[in-house]
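K.L.:
Next up is a structure, given as C-alpha cells.
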Amino acid sequence: MTKKMSATAGTLPAGAPLPAFADSALSVLERRYLMKDKEGTVLEKPEDMLWRVASTIATADASYDKKADITALAMDFYTMMAQFDFMPNSPTLMNAGRELGQLSACFVLPVEDSMESIFEAVKQTALIHKSGGGTGFSFSRVRPHQDIVHSTKGVSSGPISFMSVFDVATETIKQGGTRRGANMAMLRVDHPDIMDFIKVKSDLKKLNNFNISVAITDAFMEAVDNDEDYAIINPRDNSVVARKNARKVFKQIVKQAWFSGEPGIVFIDRMNDDNPTPALGAIESTNPCGEQPLLPHESCNLGSINLANMVVDDAIDYDKLADIVEKSIHFLDNVVDLNRYPLPEIAEKTKGNRKVGLGVMGFADMLIKLGIPYSSHEASEVAEKVMGFIDHTAYEASVKLARIRGAFPNFTKSIYYEQDPNTPVRNATRTTIAPTGTISILANCSSGVEPLFAVSYVRRVMDNDEFYEVNPLFEQIAKENGFYSTSLMKTIAEHGTVQGIAEIPTTYRQVFETAHDISPKNHIDIQSAFQRHTNNAVSKTINFPNSASEEEVHDAYMRAYKQGCKGVTIYRDGCRDNQVLSIGTKESQAAAQTTGLDAKPVKRDRPRRLAGSTYQMETGCGPMYVTINEDDQGHQFELFNMVGKAGGCAASQCEAIGRLVSLSWRSGMAPEPILKQLIGISCHKPHGFGKNKVVSCADAIAKAIQQHIEGNGRSTSDATGHEHQMFGACPECGGVIEHEGGCCVCHACGYSECG
C-alpha cells in the first residue's frame with residue numbers, strides 16, 4: 001500500500017544554501033508551486049518548498065535501510081535543486097509532502113474497441129488530470145467510422161468522434177488549480193480513418209486539448225521511399241480492407257503539419273525496437289509531448305539536469321556531472337516508491353517496471369559557455385558525448401541501486417535479463433529528454449535541448465509597463481566586453497536576432513544563435529545526436545520560418561527518420577493565424593499589415609429605423625442581452641448590450657465594446673475581424689463548459705456576433721479558427737507563446753501547457 005505523505009516536511013536546517021531564484025521564477029513559484037491556505041495566502045518560501053520536496057523524497061530510503069541517514073540524503077537532494085543543478089518535473093515540486101502526493105507528469109491509458117473501455121478511459125483520464133498528470137492514448141484499436149457494430153446492428157462512430165469526448169472531459173477539469181489538462185492522441189498510419197485524422201486540425205476549433213501524432217511504421221516509410229501502396233487494416237478483425245499510396249498519405253501529413261504544426265509523427269516501430277519489456281506488451285502511445293513511450297496504464301516521473309551548471313572553467317566538469325546523475329537517478333527511483341498513484345492499475349504497472357526519465361536542460365547555455373555555435377558540427381559532437389556519458393552513468397547508477405534494492409520486478413521478462421541475467425537493473429528506462437518549459441524558468445536556463453528562443457525580448461507587467469528581458473549570459477558578456485546598452489537590447493528585441501547587428505562582435509553573433517537562425521538540418525542534427533544515447537525519446541521542436549515550403553518540411557521528416565529520431569514535431573512560424581510575434585523586425589511586422597490603411601474611413605449616418613435581433617448570452621457576470629441591427633443592405637450597423645447593473649464595471653466595459661463595434665461597422669469594417677479580436681478573451685469569471693463555454697463578457701459579445709453571422713448563412717471558421725488555442729497570446733498574461741520541445745511556453749510569466 002502506498003504511504004501517505006505528511007503535509008509538512010520540517011524546517012530547513014541552518015546553514016543550507018539558499019536558492020537565488022530570478023524575479024520571473026519567483027512569480028511562477030508563487031502562482032503555481034508554493035503551498036497556500038484556503039484564502040490563497042502563500043505559506044512557504046521557495047527554499048521551504050525545495051526542502052519539503054527533498055526531505056519527503058529522501059524518506060523512501062528508510063524502506064531499504066533502517067539506518068539510512070535521511071537528513072543527509074535530504075540535504076544532498078535539496079542542494080542540487082537549490083543550486084539549480086537538477087529539477088524534478090512539476091507535479092513532484094507541487095505535490096511532494098502534500099496531501100495529494102501525485103508526483104508523475106505523464107501517463108498512458110488503454111483505449112480498446114468497446115464502449116465500456118472507451119468510457120472507462122474517459123473516467124480514468126479525469127482522475128489523472130485532477131491529480132495533475134497528462135495522458136496519452138492510442139485510438140488505433142477503435143474500429144473505423146461507419147464500420148459495422150454487431151451487437152447493435154448499427155455502425156461505429158469511429159475514433160475521431162470519441163477523441164472529442166475526451167477533449168470535452170479535459171476542458172471541464174481544472175487540475176487542482178495548478179496544471180492544465182494535456183493529451184496525446186495517436187493513430188496508426190494503417191488505420192482506415194487515417195486521412196480524416198491527419199486533417200482533423202484543419203478546423204482549429206477541434207481537439208483543442210490534444211496534441212495529435214501519426215504512428216508511422218517502418219513498412220510505411222519503406223513504401224514512401226519506393227512510391228508503393230501499403231495495406232490499410234481494420235483493427236476490428238485485422239483484415240486488409242484497402243491499399244493506399246504511401247507517398248500521397250505522407251504528402252498529406254506534410255501539408256497539414258506545414259499548415260498548422262500538427263500532426264506530429266512518431267516512428268512507432270523504432271520505439272518498440274527499444275521497448276525494454278516487449279513480453280509485457282507493445283508501445284502504442286506516448287505522453288502528451290511525445291518523448292515518453294509507455295505501456296498502457298504505465299506512468300513515468302521525469303527530471304532534468306542543468307547542463308549550463310556543468311561547465312566549470314570553460315570546460316565540462318564530468319566528475320560533477322557524474323555525481324549529479326547518480327543523485328538524480330536515486331531521487332527519481334525514490335519517487336516511484338512514494339508516489340500516490342491515481343489508479344491501482346497504474347501503481348502496479350509503474351512499480352513493475354520502475355521507469356524513470358532523466359533528461360537535460362540548459363544545453364544552449366552550455367554551448368554558449370563553451371563558445372560553440374548551436375548550428376556547428378562541434379555542437380552535435382558535444383551533444384552526443386554529453387548524453388552518452390549521462391546515459392552510461394545513469395545505467396551504472398541504476399545497477400548500483402538494484403544490487404541494494406533489487407531489480408525492477410519485471411526484470412526477468414526484460415531485454416536486460418536476456419542480455420545478462422546476473423546484472424540486475426533497477427529501472428527499465430532511465431533517460432528521457434522532456435520539454436522543461438517551467439522548470440527551466442525556475443533554474444534560469446535555456447529550455448531542454450532547444451536553442452535560445454530570443455536574446456532579448458519585451459516583457460510586459462501588469463500595469464502595461466514594458467521592459468527588456470535579456471539572456472543573462474549575453475548581458476554578462478556584453479557588459480564585460482563594453483558593448484552593452486539599453487538601446488542595443490531594444491534593437492535586438494525588435495530585430496528578433498543578433499545576426500546582422502554590427503555593434504555586436506562577430507564571435508558573439510555566431511554563439512548567440514536563436515531558434516530561427518538555425519536551419520532545420522541543424523535542429524535535427526542535435527535531436528538525433530541526443531537520441532542516440534536516450535532510452536526513450538527526445539522532445540524538440542524543429543522551427544521553420546513562415547516562408548518555408550512544404551517540400552522543406554518533407555525533407556526534414558525524411559532526414560529525421562534516416563538519422564534515427566523517434567519522432568518529429570515541426571512548427572512553421574505564424575502558421576496559426578493568431579500567433580503574436582514578440583520578436584522580429586518592425587519592418588516585417590509592418591509588411592504583414594493590411595494595405596490601404598491610408599484611406600480615411602467615413603462614418604455612416606444612422607437611419608431612423610433599423611431591424612435586428614437580440615441574443616441572450618450567459619456570462620460569469622449574469623445574463624447578457626446583445627442586440628445587433630442591420631441596414632437595408634443586410635450589413636451589420638450597430639451593436640448594443642446589457643449586462644449586470646447599470647453603472648457597474650462590467651456594464652460600463654461592455655458598453656464601451658458596443659460603442660467601438662458600432663463605430664467600426666458604421667465606418668465600413670466587416671464583422672469578421674471584430675469577431676476574431678474579441679473571441680477567446682478570458683477573465684476570472686468564465687461560464688459553462690465545452691462548446692458552450694463563455695470565458696468573458698467580450699467573448700459573449702463575440703459569440704453573439706458569430707451566431708448572427710452564421711444565422712445569415714455565412715461561415716465564421718476563418719475568424720474563429722484560433723479559439724482557445726494554445727498558440728499566440730498567453731492565456732494568463734497576454735505575453736507571447738513560444739514553441740519549445742513540442743510544448744507551448746510563455747517566457748514572460750512562466751505559463752506552460754506541459755508544466
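Ligands are numbered from 1 in the order shown, chains are lettered A, B, ... in the order of the C-alpha cells, and residues start at 1 in each chain.
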Using only C-alpha atoms, which protein or nucleic acid residues come within 7 Å of Ala60 in chain A? Drop anything in the same chain fewer than 2 positions from it, and give the result as a list in words.

P.N.:
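Near neighbours after the sequence-gap exclusion: Ile57, Ala58, Ala62, Ser63, Asn334, Asp337 and Leu338 of chain A.
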
K.L.:
Hey, can you spit out that residue selection with C-alpha atoms as a PDB file, in the first residue's frame?

P.N.:
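Result file is result_23.pdb:
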```pdb
ATOM      1  CA  ILE A  57      11.671  12.046  -1.300  1.00  0.00           C
ATOM      2  CA  ALA A  58      14.603  11.060   0.950  1.00  0.00           C
ATOM      3  CA  ALA A  62      14.209   4.023   5.146  1.00  0.00           C
ATOM      4  CA  SER A  63      12.279   1.232   3.421  1.00  0.00           C
ATOM      5  CA  ASN A 334      12.547   7.093  -4.664  1.00  0.00           C
ATOM      6  CA  ASP A 337       8.009   4.366  -4.190  1.00  0.00           C
ATOM      7  CA  LEU A 338       6.488   7.486  -2.659  1.00  0.00           C
TER       8      LEU A 338
END
```

K.L.:
I'd like the neighbourhood of range 130-137 of chain A as number ranges by chain, where a residue qualifies if any of its atoms comes within 7 Å (using only C-alpha atoms), though same-chain residues fewer than 2 positions away should be ignored.

P.N.:
A: 91, 102, 104-111, 125-128, 139, 173-176, 179, 181-186, 285-288, 342

K.L.:
Using DSSP on the backbone, list every residue of range 93-226 of chain A that comes out as alpha helix (DSSP H), and give them as an MDAnalysis selection string.

P.N.:
chainID A and resid 93:95 115:131 159:171 194:198 218:226

K.L.:
Find the spatial neighbours of Gly406 in chain A, counting only C-alpha atoms, within a cut-off of 10 Å - ignore same-chain residues fewer than 5 positions away - and output them as a list in words.

P.N.:
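Residues near the query, excluding close chain neighbours: Tyr64, Val399, Lys400, Leu401, Phe411, Pro424, Val425 and Arg426 of chain A.
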
K.L.:
Hey, what's within 7 Å of Pro520 in chain A if we count only C-alpha atoms and toss same-chain stuff fewer than 4 positions away? As an MDAnalysis selection string, please?

P.N.:
chainID A and resid 524 542:544 556

K.L.:
Closest to Ile415 in chain A among A:Leu307, A:Cys649, A:Leu280, A:Ile368, using only C-alpha atoms?

P.N.:
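When distances to Ile415 in chain A are compared using only C-alpha atoms, the smallest one comes from A:Leu280.
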
K.L.:
Using only C-alpha atoms, which of the listed residues (A:Val165, A:Cys289, A:Leu50, A:Leu488) sits closest to Ser213 in chain A?

P.N.:
A:Cys289

K.L.:
Nearest to Met271 in chain A among A:Gly574, A:Pro19, A:Gly290, A:Pro607, with distances taken over only C-alpha atoms: which residue is it?

P.N.:
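For Met271 in chain A, the nearest of the given residues is A:Gly290.
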
K.L.:
Got a sec: who's within 8 Å of range 623-629 of chain A, counting only C-alpha atoms, leaving out chain neighbours fewer than 6 positions off, as a count of residues only?

P.N.:
22

K.L.:
What does the distance from CA of Asn471 in chain A to CA of Phe21 in chain A come to in Å, to one decimal?

P.N.:
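So the two atoms, CA of Asn471 in chain A and CA of Phe21 in chain A, lie 14.8 Å apart.
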
K.L.:
Output as a PyMOL selection string all residues of range 112-144 of chain A that backbone DSSP marks as strand (DSSP E).

P.N.:
chain A and resi 134-138

K.L.:
Kindly save the residues from that selection, with C-alpha atoms included, as a CSV table (one decimal), in the first residue's frame.

P.N.:
```csv
chain,number,residue,atom,x,y,z
A,134,GLY,CA,-1.1,14.4,-18.6
A,135,THR,CA,-2.3,11.5,-20.6
A,136,GLY,CA,-1.5,9.7,-23.9
A,137,PHE,CA,-3.8,7.4,-25.9
A,138,SER,CA,-3.7,5.3,-29.0
```

K.L.:
Taking only C-alpha atoms into account, name the residue in A:Asp273, A:Asp37, A:Asp76, A:Asp85 that is nearest to Ala54 in chain A.

P.N.:
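Of A:Asp273, A:Asp37, A:Asp76, A:Asp85, the one nearest Ala54 in chain A, counting only C-alpha atoms, is A:Asp76.
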
K.L.:
So how many Å separate CA of Val356 in chain A and CA of Gly97 in chain A, to one decimal?

P.N.:
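That distance, rounded to one decimal, is 19.8 Å.
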
K.L.:
CA of Gln124 in chain A and CA of Glu298 in chain A are how many Å apart?

P.N.:
12.6 Å
